[in-house]
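Visitor: Encoded as structure tokens, here's the structure I'll be asking about.
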Amino acid sequence: MEEITTTKEQWYDLTKYRDEIASFVKSKKTDLDMTSKMSRNYDVLYSNIYAGSETENIQRYPHATEVYKTYKTALVSSCLSGYSALCVYNATDTHSVMSIPKVKDALTKQYKKSTLIELLTFYLDDFILKGEQIAFVKCKTNEELYRTKETLIDAETNEPVAQFKMIKGLEYRNIEVERIDPLDFFVDAYDYFRDPRGCVKIIRSYITAKHLLTSNEYPLLTKEERDLIVDYSAKNGDRMFSTIFNWRARDVQKSITNQGNIEVLTFIGDYITSDNKVLSNITATVVGGFLANVKYNQVNTNRIIYAPYVIDKDTHRGISPIASCLPVNTLINRACDMLLTALDNSCNPWIIYAKGSINGQQDMKSRRKKRELEYIDTADKPGFYVPPFNGQLAMPFLETILQQSKNILGLNNYTTGDTSGAVRTVGETAVLNQNINSRQRIETDPYSYNFLLPLLNTYYALNRELALVHNKPLDDIFMDETINIDISTNASRADKAGEFNRLTQMLQLPIAQMMFSNFTPEQNTLAIRYLLDKAEVGDLDNILQLKDSVGNTQFPTDIDMNDNSNNRNNIQ
């Protein structure tokens, strides 16, 4: 039996709850500030990947860099290969199937205008290094202003009497994506997946004192409160940044002056008041501890897309997908350091001398001060000690570590294949490609389904809400209330490709060929159409078979899409 969930939303005066909302946002931000583990992993990974060194120890072999490049390449190639392959559109009824090209064209234009793929490729570092990626989908209006001159002419004398400069504007709207830094986003991952729109979501940002004093974005702040916030920021600028982790305050105060360190907390979600009233889908802005603005969201669509790779059971935040390479990275570099130290000792022997055998002037000029061993025995003369070089044992050990670490994501070995023997056969190549696809999907599907799919659905849902609710469509196709289209990511293409490959392998078997030889022409046609459907062939005359309420088979060429009668609606 179908389960229907309804939610009743009521409207209240939000300014009555100004103090308790501000207190709730401040306390909730402190409770959800659980990004310490994420930040530590990010600092280590960033220093190894981009700087090539840690704070003290130089990383002679940047293994984390190789893992990062391999993983990012796999994500781009499988999820962000191009706009045409970004997503798949599915529909059930004839009218929706016929509307797919227009919907796809409209959404693809929006993706290209906002450079969606380029932005996501750039923002992939958040998902790889921090284990989370967060996007805010918004409808942005751009205005271009220009001036023209207009001259008024006297009707009687036909002489110009006045000249005006008129400012006219060109306005265009588009959906865009804004990145949110996971370290400035406070949420509980489990709460988000239970209720994405209503759960507590707090975004932290920083503004300057000039922006606070001149902007109209904070109508609830009085002149005295603004002055108090600016004065406190000027005197205690570094404290405004401080959280429960001291590293954040030390890092930020090095690069940001006291004029730009006013903390702004933006709360988005539902709030239950002290008198048990539910304030649904509100946005509250807290500046310097004071509630600066509170309002109901204009749209009902959840526009914050939050996707962790794996939820940590302690912090309820994401874990970096390549965090497992850190122990291997440390082991490799320590082994390399030990090998180089042994090589240095064997090439630069230690000098051993008795006390008093070298005068003070020679001792001051000695370049081997750290490699001298002095002992009390005047009978012996200075000598040298050369430790034995153990490179014969160290090199195989290093090679074993490197070979095992190269396949930490399971992509490199599958991609290159075994080149030790003869040329691979067609069957071996097919198995190799299948292994590549299977192993790659293990790593890339969490990103494809957790982040990319909700993002694409939000694009479509926001378009529909702007068109049907607010009567401000970005494209006329979204005004059609009868279309019913489902969007899935390009990861679903791998499922269809796998099914088609299995079908083709089955058809190559002798028993399948014998079965096809016994098919009637109508059965052969049905089987061929089924295979073409699995292969996603674009010829609709071959792949699409729809039946009306009577049971007669209908083809797209037999249907007049301009017909407004009930004949079109009877197609199932």
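Residue names in the structure tokens use chain letters A, B, ... in the order shown, residue numbers from 1 in each chain, and ligand numbers from 1 in the order shown.
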Tell me, as a PDB file with N, CA, C and O atoms, in the first residue's frame, which residues lie within 8 Å of A:Asn297, counting only C-alpha atoms; anything in the same chain fewer than 2 positions away does not count.

Guide:
ATOM      1  N   ASN A 281      11.852  25.779   7.447  1.00  0.00           N
ATOM      2  CA  ASN A 281      12.614  26.260   6.289  1.00  0.00           C
ATOM      3  C   ASN A 281      12.924  27.752   6.412  1.00  0.00           C
ATOM      4  O   ASN A 281      12.538  28.563   5.567  1.00  0.00           O
ATOM      5  N   ILE A 282      13.650  28.100   7.463  1.00  0.00           N
ATOM      6  CA  ILE A 282      14.016  29.498   7.678  1.00  0.00           C
ATOM      7  C   ILE A 282      15.516  29.679   7.465  1.00  0.00           C
ATOM      8  O   ILE A 282      16.291  28.720   7.461  1.00  0.00           O
ATOM      9  N   THR A 283      15.916  30.930   7.282  1.00  0.00           N
ATOM     10  CA  THR A 283      17.320  31.317   7.186  1.00  0.00           C
ATOM     11  C   THR A 283      17.569  32.405   8.211  1.00  0.00           C
ATOM     12  O   THR A 283      16.920  33.455   8.176  1.00  0.00           O
ATOM     13  N   LYS A 295      14.362  35.087   8.078  1.00  0.00           N
ATOM     14  CA  LYS A 295      13.289  35.087   7.093  1.00  0.00           C
ATOM     15  C   LYS A 295      13.010  33.658   6.659  1.00  0.00           C
ATOM     16  O   LYS A 295      13.831  32.754   6.867  1.00  0.00           O
ATOM     17  N   VAL A 299      12.189  29.496  -1.624  1.00  0.00           N
ATOM     18  CA  VAL A 299      11.901  28.258  -2.352  1.00  0.00           C
ATOM     19  C   VAL A 299      11.885  27.108  -1.372  1.00  0.00           C
ATOM     20  O   VAL A 299      12.474  27.168  -0.282  1.00  0.00           O
ATOM     21  N   ASN A 300      11.204  26.047  -1.761  1.00  0.00           N
ATOM     22  CA  ASN A 300      11.070  24.866  -0.917  1.00  0.00           C
ATOM     23  C   ASN A 300      12.137  23.819  -1.214  1.00  0.00           C
ATOM     24  O   ASN A 300      12.369  22.915  -0.420  1.00  0.00           O
TER      25      ASN A 300
END

Visitor: Please list as a PyMOL selection string every residue within 12 Å of A:Lys26, counting only C-alpha atoms and excluding residues in the same chain fewer than 2 positions away.

Guide: chain A and resi 19-24+28-33+186+200+202-204+243+263-267+284-291

Visitor: The selected residues should be written to file as a PDB file, in the first residue's frame (atoms: C-alpha atoms).

Guide:
ATOM      1  CA  ASP A  19      17.127  36.170  21.068  1.00  0.00           C
ATOM      2  CA  GLU A  20      16.498  32.447  21.315  1.00  0.00           C
ATOM      3  CA  ILE A  21      17.313  31.848  17.638  1.00  0.00           C
ATOM      4  CA  ALA A  22      20.642  33.680  18.038  1.00  0.00           C
ATOM      5  CA  SER A  23      21.466  31.678  21.170  1.00  0.00           C
ATOM      6  CA  PHE A  24      20.499  28.427  19.443  1.00  0.00           C
ATOM      7  CA  LYS A  28      24.641  24.566  17.857  1.00  0.00           C
ATOM      8  CA  LYS A  29      27.687  25.775  15.927  1.00  0.00           C
ATOM      9  CA  THR A  30      29.883  24.867  18.904  1.00  0.00           C
ATOM     10  CA  ASP A  31      28.253  21.430  19.229  1.00  0.00           C
ATOM     11  CA  LEU A  32      28.701  20.635  15.520  1.00  0.00           C
ATOM     12  CA  ASP A  33      32.288  21.898  15.299  1.00  0.00           C
ATOM     13  CA  PHE A 186      28.629  22.636  10.470  1.00  0.00           C
ATOM     14  CA  VAL A 200      20.509  22.113  11.219  1.00  0.00           C
ATOM     15  CA  ILE A 202      25.264  26.376   9.581  1.00  0.00           C
ATOM     16  CA  ILE A 203      27.579  28.138   7.132  1.00  0.00           C
ATOM     17  CA  ARG A 204      30.435  30.282   8.453  1.00  0.00           C
ATOM     18  CA  THR A 243      37.073  27.842  17.905  1.00  0.00           C
ATOM     19  CA  GLU A 263      32.316  36.100  11.839  1.00  0.00           C
ATOM     20  CA  VAL A 264      28.927  35.539  10.181  1.00  0.00           C
ATOM     21  CA  LEU A 265      26.894  32.381  10.879  1.00  0.00           C
ATOM     22  CA  THR A 266      24.066  31.533   8.464  1.00  0.00           C
ATOM     23  CA  PHE A 267      21.574  28.982   9.774  1.00  0.00           C
ATOM     24  CA  ALA A 284      18.841  33.111  10.190  1.00  0.00           C
ATOM     25  CA  THR A 285      22.001  35.239  10.042  1.00  0.00           C
ATOM     26  CA  VAL A 286      24.012  35.828  13.227  1.00  0.00           C
ATOM     27  CA  VAL A 287      26.768  38.466  13.198  1.00  0.00           C
ATOM     28  CA  GLY A 288      29.009  38.854  16.219  1.00  0.00           C
ATOM     29  CA  GLY A 289      26.518  37.011  18.419  1.00  0.00           C
ATOM     30  CA  PHE A 290      23.511  39.166  17.402  1.00  0.00           C
ATOM     31  CA  LEU A 291      20.695  38.043  15.128  1.00  0.00           C
TER      32      LEU A 291
END

Visitor: Could you go through stretch 67-196 of chain A and tell me which residues DSSP, when run on the backbone, assigns to strand (DSSP E), listing them as a PyMOL selection string?

Guide: chain A and resi 87-91+132-153+160-180+185-186

Visitor: Quick one: pick out all alpha helix (DSSP H) residues within stretch 122-189 of chain A from a backbone DSSP run and write them as number ranges by chain.

Guide: A: 122-125, 189

Visitor: Which residue out of A:Ala292, A:Thr301, A:Thr330, A:Leu466 has the minimum interatomic distance to A:Thr15 when only C-alpha atoms are used?

Guide: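 For A:Thr15, the nearest of the candidates is A:Ala292.
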
Visitor: As an exercise, work out the distance from atom CA of A:Ser39 to atom CA of A:Thr315 in Å and give it to one decimal place.

Guide: 12.0 Å

Visitor: What's around A:Leu398 at 9 Å? Count only C-alpha atoms, leave out sequence neighbours fewer than 5 positions away in its own chain, and write the answer as a PyMOL selection string.

Guide: chain A and resi 332+335-336+403

Visitor: Let me make sure I understand: among A:Ser47, A:Asn471, A:Asn276, A:Asn490, which one has the smallest atom-to-atom distance to A:Leu453 if we use only C-alpha atoms?

Guide: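 Ranking A:Ser47, A:Asn471, A:Asn276, A:Asn490 by distance to A:Leu453, first place goes to A:Asn490.
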
Visitor: Write out as a short mmCIF file (atom, residue, chain, number, x, y, z; two decimals) with all heavy atoms, in the first residue's frame the residues lying within 12 Å of A:Lys112, counting only C-alpha atoms and excluding same-chain residues fewer than 5 positions away.

Guide:
data_model
loop_
_atom_site.label_atom_id
_atom_site.label_comp_id
_atom_site.auth_asym_id
_atom_site.auth_seq_id
_atom_site.Cartn_x
_atom_site.Cartn_y
_atom_site.Cartn_z
N GLY A 82 32.04 14.79 -19.69
CA GLY A 82 31.53 15.76 -20.64
C GLY A 82 30.08 16.07 -20.37
O GLY A 82 29.37 15.34 -19.66
N TYR A 83 29.60 17.18 -20.93
CA TYR A 83 28.22 17.59 -20.68
C TYR A 83 27.22 16.62 -21.29
O TYR A 83 26.15 16.38 -20.72
CB TYR A 83 27.99 19.00 -21.23
CG TYR A 83 28.63 20.08 -20.40
CD1 TYR A 83 29.78 20.73 -20.82
CD2 TYR A 83 28.08 20.46 -19.19
CE1 TYR A 83 30.37 21.73 -20.06
CE2 TYR A 83 28.65 21.45 -18.41
CZ TYR A 83 29.81 22.09 -18.86
OH TYR A 83 30.38 23.06 -18.09
N SER A 84 27.52 16.08 -22.46
CA SER A 84 26.57 15.17 -23.10
C SER A 84 26.43 13.87 -22.34
O SER A 84 25.39 13.22 -22.40
CB SER A 84 27.02 14.89 -24.54
OG SER A 84 28.31 14.30 -24.55
N LEU A 86 26.90 13.66 -18.97
CA LEU A 86 26.84 13.97 -17.55
C LEU A 86 25.72 13.22 -16.84
O LEU A 86 25.87 12.80 -15.70
CB LEU A 86 26.66 15.48 -17.37
CG LEU A 86 26.75 16.03 -15.94
CD1 LEU A 86 28.13 15.74 -15.35
CD2 LEU A 86 26.48 17.52 -15.92
N ASP A 105 18.25 19.69 -23.45
CA ASP A 105 18.88 20.86 -24.05
C ASP A 105 18.85 22.05 -23.11
O ASP A 105 19.85 22.78 -22.98
CB ASP A 105 18.16 21.20 -25.36
CG ASP A 105 18.79 22.38 -26.06
OD1 ASP A 105 19.94 22.29 -26.50
OD2 ASP A 105 18.11 23.43 -26.16
N ALA A 106 17.73 22.26 -22.40
CA ALA A 106 17.63 23.39 -21.48
C ALA A 106 18.59 23.24 -20.30
O ALA A 106 19.28 24.20 -19.92
CB ALA A 106 16.19 23.52 -20.98
N LEU A 107 18.64 22.04 -19.71
CA LEU A 107 19.54 21.82 -18.58
C LEU A 107 21.00 21.88 -19.01
O LEU A 107 21.85 22.40 -18.28
CB LEU A 107 19.23 20.48 -17.91
CG LEU A 107 17.91 20.41 -17.14
CD1 LEU A 107 17.70 19.02 -16.58
CD2 LEU A 107 17.88 21.43 -16.02
N ILE A 117 30.88 21.56 -14.99
CA ILE A 117 31.91 20.53 -14.95
C ILE A 117 33.26 21.11 -14.55
O ILE A 117 34.01 20.50 -13.76
CB ILE A 117 31.99 19.83 -16.33
CG1 ILE A 117 30.74 18.98 -16.56
CG2 ILE A 117 33.24 18.95 -16.42
CD1 ILE A 117 30.75 18.23 -17.86
N GLU A 118 33.59 22.28 -15.07
CA GLU A 118 34.87 22.90 -14.71
C GLU A 118 34.92 23.22 -13.22
O GLU A 118 35.95 23.01 -12.56
CB GLU A 118 35.08 24.17 -15.53
CG GLU A 118 35.34 23.93 -17.01
CD GLU A 118 34.09 23.59 -17.80
OE1 GLU A 118 32.98 23.69 -17.23
OE2 GLU A 118 34.20 23.22 -18.98
N LEU A 119 33.81 23.71 -12.66
CA LEU A 119 33.77 24.01 -11.23
C LEU A 119 33.89 22.74 -10.40
O LEU A 119 34.64 22.70 -9.41
CB LEU A 119 32.48 24.75 -10.88
CG LEU A 119 32.37 26.20 -11.35
CD1 LEU A 119 31.00 26.76 -11.02
CD2 LEU A 119 33.44 27.06 -10.71
N ASN A 174 20.19 32.72 -14.40
CA ASN A 174 20.69 31.36 -14.59
C ASN A 174 20.96 30.74 -13.23
O ASN A 174 21.18 31.43 -12.23
CB ASN A 174 21.99 31.36 -15.43
CG ASN A 174 22.40 29.96 -15.83
OD1 ASN A 174 21.61 29.22 -16.39
ND2 ASN A 174 23.63 29.60 -15.55
N ILE A 175 20.91 29.41 -13.19
CA ILE A 175 21.21 28.68 -11.97
C ILE A 175 22.72 28.46 -11.88
O ILE A 175 23.35 28.04 -12.84
CB ILE A 175 20.47 27.33 -11.94
CG1 ILE A 175 18.96 27.57 -11.90
CG2 ILE A 175 20.90 26.50 -10.75
CD1 ILE A 175 18.14 26.30 -11.86
N GLU A 176 23.26 28.76 -10.72
CA GLU A 176 24.70 28.63 -10.50
C GLU A 176 24.96 27.81 -9.25
O GLU A 176 24.07 27.61 -8.41
CB GLU A 176 25.36 30.01 -10.39
CG GLU A 176 25.30 30.82 -11.68
CD GLU A 176 26.10 32.09 -11.58
OE1 GLU A 176 26.65 32.36 -10.49
OE2 GLU A 176 26.19 32.82 -12.59
N VAL A 177 26.21 27.37 -9.13
CA VAL A 177 26.64 26.56 -7.99
C VAL A 177 27.73 27.31 -7.24
O VAL A 177 28.70 27.77 -7.85
CB VAL A 177 27.16 25.18 -8.44
CG1 VAL A 177 27.72 24.41 -7.26
CG2 VAL A 177 26.04 24.38 -9.08
#

Visitor: Using only C-alpha atoms, pick whichever of A:Val469, A:Leu170, A:Val67, A:Ile262 has the shortest atom-to-atom distance to A:Ser205.

Guide: A:Ile262

Visitor: Tell me, in Å to one decimal, how far atom CA of A:Pro308 is from atom CA of A:Gly131.

Guide: 5.7 Å

Visitor: Neighbours of A:Lys69 within 12 Å (only C-alpha atoms; same-chain residues fewer than 2 positions away dropped), as a PyMOL selection string?

Guide: chain A and resi 49-50+62-67+71-76+124-125+128-129+322+406+409+411-412

Visitor: Have a look at atom CA of A:Val310 and atom CA of A:Phe136 and let me know their distance in Å, one decimal.

Guide: 20.6 Å
